[in-house]
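Printed here is input.pdb (PDB, C-alpha atoms):
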```
MODEL        1
ATOM      1  CA  MET A 160      -3.969 -41.518  -9.148
ATOM      2  CA  ASP A 161      -2.753 -37.972  -8.772
ATOM      3  CA  LYS A 162       0.815 -36.810  -8.486
ATOM      4  CA  ASP A 163       0.598 -36.001  -4.801
ATOM      5  CA  GLU A 164      -1.523 -38.903  -3.562
ATOM      6  CA  THR A 165      -0.269 -41.778  -1.428
ATOM      7  CA  PRO A 166      -0.273 -45.043  -3.411
ATOM      8  CA  ALA A 167      -1.013 -47.256  -0.396
ATOM      9  CA  ALA A 168      -4.216 -48.512  -1.990
ATOM     10  CA  VAL A 169      -2.240 -49.751  -4.975
ATOM     11  CA  LEU A 170       1.187 -50.766  -3.664
ATOM     12  CA  ASP A 171       2.609 -51.706  -0.316
ATOM     13  CA  SER A 172       5.817 -49.941   0.721
ATOM     14  CA  SER A 173       8.056 -52.819  -0.387
ATOM     15  CA  GLU A 174       6.541 -52.955  -3.879
ATOM     16  CA  LEU A 175       6.670 -49.181  -4.164
ATOM     17  CA  ARG A 176      10.355 -49.111  -3.250
ATOM     18  CA  ASP A 177      11.077 -51.780  -5.870
ATOM     19  CA  HIS A 178       9.363 -49.704  -8.573
ATOM     20  CA  LEU A 179      11.102 -46.504  -7.542
ATOM     21  CA  ARG A 180      14.482 -48.249  -7.406
ATOM     22  CA  ILE A 181      14.030 -49.330 -11.040
ATOM     23  CA  GLN A 182      13.010 -45.779 -11.982
ATOM     24  CA  LEU A 183      16.124 -44.320 -10.360
ATOM     25  CA  GLU A 184      18.315 -46.816 -12.211
ATOM     26  CA  GLU A 185      16.713 -45.805 -15.517
ATOM     27  CA  ILE A 186      17.256 -42.132 -14.688
ATOM     28  CA  GLU A 187      20.978 -42.834 -14.174
ATOM     29  CA  VAL A 188      21.161 -44.425 -17.634
ATOM     30  CA  LEU A 189      19.360 -41.490 -19.257
ATOM     31  CA  GLN A 190      21.608 -38.976 -17.492
ATOM     32  CA  ALA A 191      24.650 -40.825 -18.820
ATOM     33  CA  VAL A 192      23.289 -40.743 -22.393
ATOM     34  CA  TYR A 193      21.956 -37.170 -22.337
ATOM     35  CA  TYR A 194      24.717 -35.512 -20.384
ATOM     36  CA  LYS A 195      25.121 -32.226 -22.283
ATOM     37  CA  ASP A 196      23.797 -28.947 -20.910
ATOM     38  CA  ASP A 197      19.986 -28.782 -20.935
ATOM     39  CA  GLU A 198      19.624 -32.203 -22.587
ATOM     40  CA  PHE A 199      18.268 -33.822 -19.433
ATOM     41  CA  VAL A 200      16.311 -31.621 -17.000
ATOM     42  CA  ILE A 201      15.013 -32.926 -13.662
ATOM     43  CA  ASP A 202      14.279 -31.623 -10.184
ATOM     44  CA  LYS A 203      17.180 -32.945  -8.092
ATOM     45  CA  ASP A 204      15.217 -32.446  -4.889
ATOM     46  CA  ILE A 205      12.680 -35.028  -6.057
ATOM     47  CA  LEU A 206      15.494 -37.485  -6.860
ATOM     48  CA  SER A 207      16.896 -37.000  -3.371
ATOM     49  CA  GLU A 208      13.433 -37.464  -1.872
ATOM     50  CA  ILE A 209      12.942 -40.738  -3.775
ATOM     51  CA  ASP A 210      16.443 -41.968  -2.952
ATOM     52  CA  ASN A 211      15.762 -41.431   0.768
ATOM     53  CA  TYR A 212      12.509 -43.345   0.499
ATOM     54  CA  VAL A 213      14.073 -46.235  -1.443
ATOM     55  CA  ASN A 214      16.842 -46.524   1.136
ATOM     56  CA  GLU A 215      14.299 -46.355   3.983
ATOM     57  CA  LEU A 216      15.692 -43.087   5.294
ATOM     58  CA  SER A 217      12.232 -41.560   5.001
ATOM     59  CA  SER A 218       8.710 -42.967   5.252
ATOM     60  CA  ARG A 219       7.115 -40.072   3.375
ATOM     61  CA  VAL A 220       5.801 -41.215  -0.001
ATOM     62  CA  PRO A 221       7.692 -39.157  -2.599
ATOM     63  CA  SER A 222       6.333 -37.203  -5.539
ATOM     64  CA  LEU A 223       6.256 -38.657  -9.031
ATOM     65  CA  ILE A 224       9.333 -38.342 -11.212
ATOM     66  CA  ASP A 225       8.958 -35.615 -13.836
ATOM     67  CA  PHE A 226      11.730 -34.800 -16.296
ATOM     68  CA  THR A 227      12.402 -33.338 -19.729
ATOM     69  CA  ILE A 228      14.755 -34.583 -22.441
ATOM     70  CA  ASN A 229      15.793 -32.172 -25.210
ATOM     71  CA  ILE A 230      17.340 -33.660 -28.337
ATOM     72  CA  LYS A 231      17.913 -32.616 -31.957
ATOM     73  CA  LEU A 232      17.300 -34.942 -34.893
ATOM     74  CA  ASP A 233      17.962 -33.887 -38.485
ATOM     75  CA  ASN A 234      17.631 -30.201 -37.564
ATOM     76  CA  VAL A 235      14.376 -30.869 -35.706
ATOM     77  CA  SER A 236      14.503 -29.953 -31.999
ATOM     78  CA  LEU A 237      12.377 -32.277 -29.874
ATOM     79  CA  GLU A 238      11.277 -31.939 -26.271
ATOM     80  CA  PHE A 239      10.178 -35.085 -24.408
ATOM     81  CA  LEU A 240       8.027 -34.275 -21.358
ATOM     82  CA  VAL A 241       7.908 -37.361 -19.140
ATOM     83  CA  THR A 242       6.039 -38.340 -15.987
ATOM     84  CA  LEU A 243       6.628 -41.788 -14.459
ATOM     85  CA  PRO A 244       3.652 -43.223 -12.528
ATOM     86  CA  ARG A 245       4.541 -44.876  -9.237
ATOM     87  CA  THR A 246       3.588 -48.248 -10.740
ATOM     88  CA  TYR A 247       5.979 -47.819 -13.700
ATOM     89  CA  PRO A 248       7.392 -49.958 -15.295
ATOM     90  CA  ASN A 249       4.306 -52.106 -14.691
ATOM     91  CA  THR A 250       2.257 -49.287 -16.228
ATOM     92  CA  VAL A 251       2.987 -47.018 -19.179
ATOM     93  CA  PRO A 252       4.892 -43.760 -18.695
ATOM     94  CA  GLN A 253       3.281 -40.470 -19.690
ATOM     95  CA  ILE A 254       5.291 -38.988 -22.570
ATOM     96  CA  ILE A 255       4.470 -35.919 -24.648
ATOM     97  CA  VAL A 256       6.746 -34.894 -27.529
ATOM     98  CA  ARG A 257       6.797 -31.252 -28.645
ATOM     99  CA  SER A 258       8.638 -29.335 -31.343
ATOM    100  CA  ASN A 259       8.279 -25.827 -32.743
ATOM    101  CA  GLN A 260       9.146 -27.275 -36.158
ATOM    102  CA  LEU A 261       6.076 -29.517 -36.212
ATOM    103  CA  ASN A 262       2.612 -28.056 -36.522
ATOM    104  CA  ARG A 263       0.003 -29.176 -34.027
ATOM    105  CA  TYR A 264      -1.443 -31.803 -36.382
ATOM    106  CA  GLN A 265       1.976 -33.360 -36.877
ATOM    107  CA  GLN A 266       2.636 -33.301 -33.129
ATOM    108  CA  ASN A 267      -0.721 -34.902 -32.400
ATOM    109  CA  ASP A 268      -0.089 -37.674 -34.933
ATOM    110  CA  LEU A 269       3.432 -38.248 -33.591
ATOM    111  CA  ASN A 270       2.214 -38.508 -30.001
ATOM    112  CA  GLU A 271      -0.633 -40.826 -30.981
ATOM    113  CA  GLY A 272       1.843 -43.111 -32.772
ATOM    114  CA  LEU A 273       4.245 -43.033 -29.833
ATOM    115  CA  ASN A 274       1.467 -43.815 -27.364
ATOM    116  CA  GLN A 275       0.355 -46.811 -29.451
ATOM    117  CA  TYR A 276       3.945 -48.063 -29.588
ATOM    118  CA  ILE A 277       4.467 -47.716 -25.811
ATOM    119  CA  THR A 278       1.160 -49.450 -25.108
ATOM    120  CA  SER A 279       2.219 -52.382 -27.296
ATOM    121  CA  LEU A 280       5.391 -53.050 -25.261
ATOM    122  CA  ASP A 281       5.542 -55.674 -22.530
ATOM    123  CA  ARG A 282       4.890 -54.226 -19.092
ATOM    124  CA  GLY A 283       7.463 -54.657 -16.378
ATOM    125  CA  MET A 284      10.352 -53.472 -18.586
ATOM    126  CA  ILE A 285      11.752 -49.943 -18.692
ATOM    127  CA  CYS A 286      11.015 -48.305 -22.038
ATOM    128  CA  MET A 287      12.279 -44.717 -22.141
ATOM    129  CA  CYS A 288      15.239 -45.442 -24.432
ATOM    130  CA  GLU A 289      13.036 -47.586 -26.689
ATOM    131  CA  SER A 290      10.478 -44.778 -26.874
ATOM    132  CA  ILE A 291      13.091 -42.208 -27.881
ATOM    133  CA  CYS A 292      14.488 -44.623 -30.482
ATOM    134  CA  TRP A 293      10.994 -45.106 -31.895
ATOM    135  CA  VAL A 294      10.616 -41.347 -32.349
ATOM    136  CA  THR A 295      14.074 -41.198 -33.953
ATOM    137  CA  ASP A 296      13.185 -43.953 -36.411
ATOM    138  CA  ASN A 297       9.728 -42.623 -37.264
ATOM    139  CA  LEU A 298      10.101 -38.834 -37.096
ATOM    140  CA  GLN A 299      10.382 -38.390 -40.850
ATOM    141  CA  LYS A 300       6.907 -39.886 -41.368
ATOM    142  CA  TYR A 301       5.426 -37.054 -39.317
ATOM    143  CA  TYR A 302       7.798 -34.266 -40.332
ATOM    144  CA  ASP A 303       6.387 -33.380 -43.739
ATOM    145  CA  ASP A 304       6.695 -29.773 -44.924
ATOM    146  CA  LYS A 305       3.663 -30.240 -47.182
ATOM    147  CA  LYS A 306       1.450 -31.176 -44.254
ATOM    148  CA  ASN A 307       0.286 -27.716 -43.285
ATOM    149  CA  GLU A 308      -2.637 -26.656 -41.219
ATOM    150  CA  PRO A 309      -5.809 -25.996 -43.229
ATOM    151  CA  GLN A 310      -6.227 -22.325 -44.101
ATOM    152  CA  SER A 311      -9.418 -20.331 -43.957
ATOM    153  CA  SER A 312     -10.625 -19.559 -47.486
ATOM    154  CA  GLN A 313     -12.714 -16.501 -46.536
ATOM    155  CA  SER A 314     -12.522 -14.108 -43.633
ATOM    156  CA  GLU A 315     -16.323 -14.345 -43.343
ATOM    157  CA  GLN A 316     -16.214 -18.098 -42.812
ATOM    158  CA  LYS A 317     -18.073 -19.097 -39.661
ATOM    159  CA  VAL A 318     -16.048 -20.723 -36.863
ATOM    160  CA  VAL A 319     -16.888 -21.842 -33.334
ATOM    161  CA  PHE A 320     -15.129 -19.989 -30.532
ATOM    162  CA  SER A 321     -15.050 -21.834 -27.195
ATOM    163  CA  ARG A 322     -14.242 -21.150 -23.566
ATOM    164  CA  PHE A 323     -13.593 -24.173 -21.335
ATOM    165  CA  TRP A 324     -13.908 -24.009 -17.537
ATOM    166  CA  ILE A 325     -11.990 -26.876 -15.926
ATOM    167  CA  TYR A 326     -12.029 -27.784 -12.234
ATOM    168  CA  SER A 327      -9.276 -29.804 -10.542
ATOM    169  CA  HIS A 328      -8.970 -30.994  -6.949
ATOM    170  CA  HIS A 329      -5.606 -29.202  -6.884
ATOM    171  CA  ILE A 330      -2.765 -28.056  -9.122
ATOM    172  CA  TYR A 331       0.632 -28.343  -7.454
ATOM    173  CA  SER A 332       2.960 -30.145  -9.890
ATOM    174  CA  LYS A 333       5.533 -27.810 -11.433
ATOM    175  CA  GLU A 334       5.742 -30.062 -14.485
ATOM    176  CA  LYS A 335       1.990 -30.007 -15.045
ATOM    177  CA  ARG A 336       1.954 -26.242 -14.632
ATOM    178  CA  ARG A 337       4.705 -25.827 -17.235
ATOM    179  CA  ASN A 338       2.948 -28.216 -19.602
ATOM    180  CA  ILE A 339      -0.410 -26.445 -19.267
ATOM    181  CA  LEU A 340       1.231 -23.132 -20.194
ATOM    182  CA  SER A 341       3.196 -24.636 -23.084
ATOM    183  CA  LEU A 342       0.204 -26.493 -24.510
ATOM    184  CA  ALA A 343      -1.862 -23.310 -24.349
ATOM    185  CA  GLN A 344       0.768 -21.523 -26.441
ATOM    186  CA  ASP A 345       0.949 -24.445 -28.882
ATOM    187  CA  HIS A 346      -2.825 -24.391 -29.412
ATOM    188  CA  HIS A 347      -3.312 -20.596 -29.399
ATOM    189  CA  ILE A 348      -5.263 -20.754 -26.144
ATOM    190  CA  THR A 349      -5.685 -17.758 -23.823
ATOM    191  CA  GLY A 350      -6.957 -17.865 -20.254
ATOM    192  CA  PHE A 351      -5.417 -18.841 -16.937
ATOM    193  CA  ALA A 352      -4.507 -21.624 -14.512
ATOM    194  CA  LEU A 353      -5.296 -21.036 -10.833
ATOM    195  CA  VAL A 354      -2.689 -23.008  -8.886
ATOM    196  CA  GLY A 355      -3.211 -24.498  -5.452
ATOM    197  CA  LYS A 356      -6.269 -26.183  -3.985
ATOM    198  CA  PRO A 357      -8.713 -26.113  -5.645
ATOM    199  CA  GLY A 358      -7.341 -25.670  -9.142
ATOM    200  CA  VAL A 359      -9.216 -23.956 -11.952
ATOM    201  CA  ILE A 360      -8.174 -23.745 -15.602
ATOM    202  CA  CYS A 361      -9.857 -21.535 -18.182
ATOM    203  CA  GLY A 362      -8.949 -21.918 -21.843
ATOM    204  CA  GLU A 363     -10.451 -19.996 -24.745
ATOM    205  CA  GLY A 364      -9.874 -20.144 -28.483
ATOM    206  CA  LEU A 365     -11.194 -21.929 -31.547
ATOM    207  CA  ALA A 366     -13.289 -24.931 -30.530
ATOM    208  CA  THR A 367     -11.004 -27.372 -32.348
ATOM    209  CA  ASP A 368      -7.953 -25.957 -30.545
ATOM    210  CA  CYS A 369      -9.681 -26.066 -27.142
ATOM    211  CA  GLU A 370     -10.803 -29.667 -27.638
ATOM    212  CA  GLU A 371      -7.297 -30.766 -28.610
ATOM    213  CA  TRP A 372      -5.766 -28.882 -25.676
ATOM    214  CA  TRP A 373      -8.256 -30.385 -23.206
ATOM    215  CA  LYS A 374      -7.754 -33.866 -24.665
ATOM    216  CA  HIS A 375      -4.053 -33.701 -23.715
ATOM    217  CA  ILE A 376      -4.615 -32.267 -20.237
ATOM    218  CA  LYS A 377      -7.245 -34.785 -19.128
ATOM    219  CA  ARG A 378      -4.950 -37.680 -20.107
ATOM    220  CA  TRP A 379      -2.530 -36.762 -17.327
ATOM    221  CA  THR A 380      -2.791 -38.321 -13.892
ATOM    222  CA  TRP A 381      -5.098 -36.284 -11.667
ATOM    223  CA  LYS A 382      -6.899 -36.939  -8.404
ATOM    224  CA  LYS A 383      -9.938 -35.220  -9.902
ATOM    225  CA  ILE A 384     -10.393 -33.122 -13.011
ATOM    226  CA  MET A 385     -13.455 -32.268 -15.072
ATOM    227  CA  CYS A 386     -14.662 -29.717 -17.577
ATOM    228  CA  LYS A 387     -17.466 -27.953 -15.707
ATOM    229  CA  LYS A 388     -18.654 -25.723 -18.546
ATOM    230  CA  LYS A 389     -18.078 -25.221 -22.272
ATOM    231  CA  GLU A 390     -19.123 -21.918 -23.775
ATOM    232  CA  GLU A 391     -19.533 -21.923 -27.549
ATOM    233  CA  PHE A 392     -20.125 -19.013 -29.924
ATOM    234  CA  GLU A 393     -20.449 -19.112 -33.695
ATOM    235  CA  VAL A 394     -18.600 -16.098 -35.113
ATOM    236  CA  SER A 395     -16.864 -15.079 -38.308
ATOM    237  CA  PHE A 396     -13.195 -15.986 -38.653
ATOM    238  CA  ASP A 397     -12.211 -12.323 -38.307
ATOM    239  CA  GLU A 398     -14.252 -11.908 -35.112
ATOM    240  CA  ARG A 399     -12.622 -14.772 -33.204
ATOM    241  CA  HIS A 400     -10.023 -12.652 -31.377
ATOM    242  CA  SER A 401     -12.583 -10.101 -30.202
ATOM    243  CA  MET A 402     -14.292 -12.895 -28.225
ATOM    244  CA  ARG A 403     -11.328 -13.391 -25.910
ATOM    245  CA  LYS A 404     -11.676 -12.299 -22.275
ATOM    246  CA  PHE A 405      -7.953 -12.822 -21.628
ATOM    247  CA  PRO A 406      -5.040 -11.379 -23.663
ATOM    248  CA  ASP A 407      -2.762 -14.380 -23.081
ATOM    249  CA  PHE A 408      -2.494 -17.532 -20.975
ATOM    250  CA  SER A 409      -1.056 -16.995 -17.507
ATOM    251  CA  GLU A 410      -0.739 -18.674 -14.139
ATOM    252  CA  ILE A 411      -2.528 -16.965 -11.253
ATOM    253  CA  ASN A 412      -2.146 -17.443  -7.507
ATOM    254  CA  PHE A 413      -4.306 -15.910  -4.776
ATOM    255  CA  GLN A 414      -2.765 -17.586  -1.760
ATOM    256  CA  SER A 415      -1.404 -16.411   1.560
ATOM    257  CA  ASN A 416       1.926 -18.157   0.903
ATOM    258  CA  LYS A 417       2.687 -17.700  -2.791
ATOM    259  CA  ASN A 418       6.160 -19.171  -2.455
ATOM    260  CA  ASN A 419       4.696 -22.543  -1.509
ATOM    261  CA  VAL A 420       1.280 -23.296  -2.998
ATOM    262  CA  ARG A 421       0.908 -26.357  -0.774
ATOM    263  CA  GLU A 422       1.004 -24.248   2.378
ATOM    264  CA  GLY A 423      -1.129 -21.285   1.320
ATOM    265  CA  HIS A 424      -4.926 -21.072   1.124
ATOM    266  CA  THR A 425      -6.638 -19.625  -1.919
ATOM    267  CA  ASP A 426      -8.480 -16.364  -1.260
ATOM    268  CA  MET A 427     -11.708 -17.176  -3.105
ATOM    269  CA  GLY A 428     -12.863 -13.563  -2.831
ATOM    270  CA  GLU A 429      -9.767 -12.395  -4.691
ATOM    271  CA  PHE A 430     -10.248 -15.104  -7.313
ATOM    272  CA  ASN A 431     -13.870 -14.050  -7.791
ATOM    273  CA  ARG A 432     -12.720 -10.434  -8.171
ATOM    274  CA  TYR A 433     -10.281 -11.568 -10.867
ATOM    275  CA  LEU A 434     -13.139 -13.265 -12.733
ATOM    276  CA  VAL A 435     -15.379 -10.198 -12.406
ATOM    277  CA  ASP A 436     -12.575  -7.953 -13.677
ATOM    278  CA  HIS A 437     -12.410 -10.140 -16.794
ATOM    279  CA  GLU A 438     -16.209 -10.174 -17.234
ATOM    280  CA  CYS A 439     -16.394 -13.820 -16.180
ATOM    281  CA  GLY A 440     -17.951 -13.545 -12.719
ATOM    282  CA  TYR A 441     -20.713 -15.962 -13.748
ATOM    283  CA  ALA A 442     -18.158 -18.797 -13.973
ATOM    284  CA  PHE A 443     -17.575 -18.908 -10.201
ATOM    285  CA  LYS A 444     -20.929 -20.609  -9.672
ATOM    286  CA  ASP A 445     -20.310 -22.931 -12.620
ATOM    287  CA  CYS A 446     -17.038 -24.089 -11.053
ATOM    288  CA  PHE A 447     -18.022 -24.258  -7.378
ATOM    289  CA  GLY A 448     -21.820 -24.413  -7.319
ATOM    290  CA  ILE A 449     -22.206 -21.241  -5.224
ATOM    291  CA  GLU A 450     -22.352 -17.534  -5.945
ATOM    292  CA  GLY A 451     -19.019 -15.763  -5.632
ATOM    293  CA  LYS A 452     -18.331 -13.054  -3.075
ATOM    294  CA  LEU A 453     -15.860 -10.269  -3.660
ATOM    295  CA  SER A 454     -12.903  -9.829  -1.337
ATOM    296  CA  ASN A 455     -13.061  -6.804   1.009
ATOM    297  CA  SER A 456      -9.547  -5.749   0.028
TER     298      SER A 456
ENDMDL
END
```
This structure in structure tokens:
Amino acid sequence: MDKDETPAAVLDSSELRDHLRIQLEEIEVLQAVYYKDDEFVIDKDILSEIDNYVNELSSRVPSLIDFTINIKLDNVSLEFLVTLPRTYPNTVPQIIVRSNQLNRYQQNDLNEGLNQYITSLDRGMICMCESICWVTDNLQKYYDDKKNEPQSSQSEQKVVFSRFWIYSHHIYSKEKRRNILSLAQDHHITGFALVGKPGVICGEGLATDCEEWWKHIKRWTWKKIMCKKKEEFEVSFDERHSMRKFPDFSEINFQSNKNNVREGHTDMGEFNRYLVDHECGYAFKDCFGIEGKLSNS
């Protein structure tokens, strides 16, 4: 289920309030433990929204709880990106751990180990503190200076350069948007994320990097998300950067109300113009099934 969807098909209002009450109690514990500046980061408006719903002051189903915990262990700075499903703690939380001091292989292994540990725990019990303790106890196994990324032996070595075109029903969540940008940087991906409804994500880079990046994104909770097209080109290692259509990874917004993506409507003509300007006009049909038309502006 997606971040912004009503969970009525899964939980009745009483069950939902019980789950959210437990989540708020766990948040209070985490805030007490990680009380220093920037250690615990959360949108207070969402907490207020959930508190009103739990106390039956509002009937509007609130957004999911997203938060970030920043801690330092043995000179390694770790960032925990957390999303709590509405059915948590009966279902597993979504946790991604990042660190600039771990290469992407180490981070992938750490997150795989953490996910296996969380999955092994009994459902119905909160597990954020246990998850952080697991990372604390096991970090050294993954933090190995000798475990470097493989290096290319020859500049002429052939590699596969990819460009992924991903369609989503919508992209509203601020946390998801931050994570998409951060993961793109971590995996040397360039491209863009079109926020609003519909949502489109383009990521380009080495095929191995794109696959790893996409593997993380599709694990998140979405109403609908799919990779509509994968472009692949075999090039020499030195030619890989010349294949890029985009200089970096950025968020784009072609809506009438850019201050609130939920209220605005995407100008598809402007989006098509953006694609054409980046020599990617062909992708409009791949994403939407129709030929794109340029905006009159």
What is the atom CA of Ile348 of chain A to atom CA of Asp225 of chain A distance in Å? 24.0 Å
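Taking atom CA of Asn211 of chain A and atom CA of Pro248 of chain A as endpoints, the distance between them is 20.0 Å.
Proximity to Asp281 of chain A was assessed for A:Tyr301, A:Tyr326, A:Tyr247, A:Thr295 counting all atoms listed in the file; the smallest distance is recorded for A:Tyr247.
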Six-sided padding of 6 Å per side, axis-aligned box over segment 377-384 of chain A, centre and edges in Å, one decimal, as lines of an AutoDock Vina configuration file:
```
center_x = -6.5
center_y = -35.7
center_z = -14.3
size_x = 19.9
size_y = 17.2
size_z = 23.7
```
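Put simply, atom CA of Ile384 of chain A is 12.7 Å away from atom CA of Cys361 of chain A.
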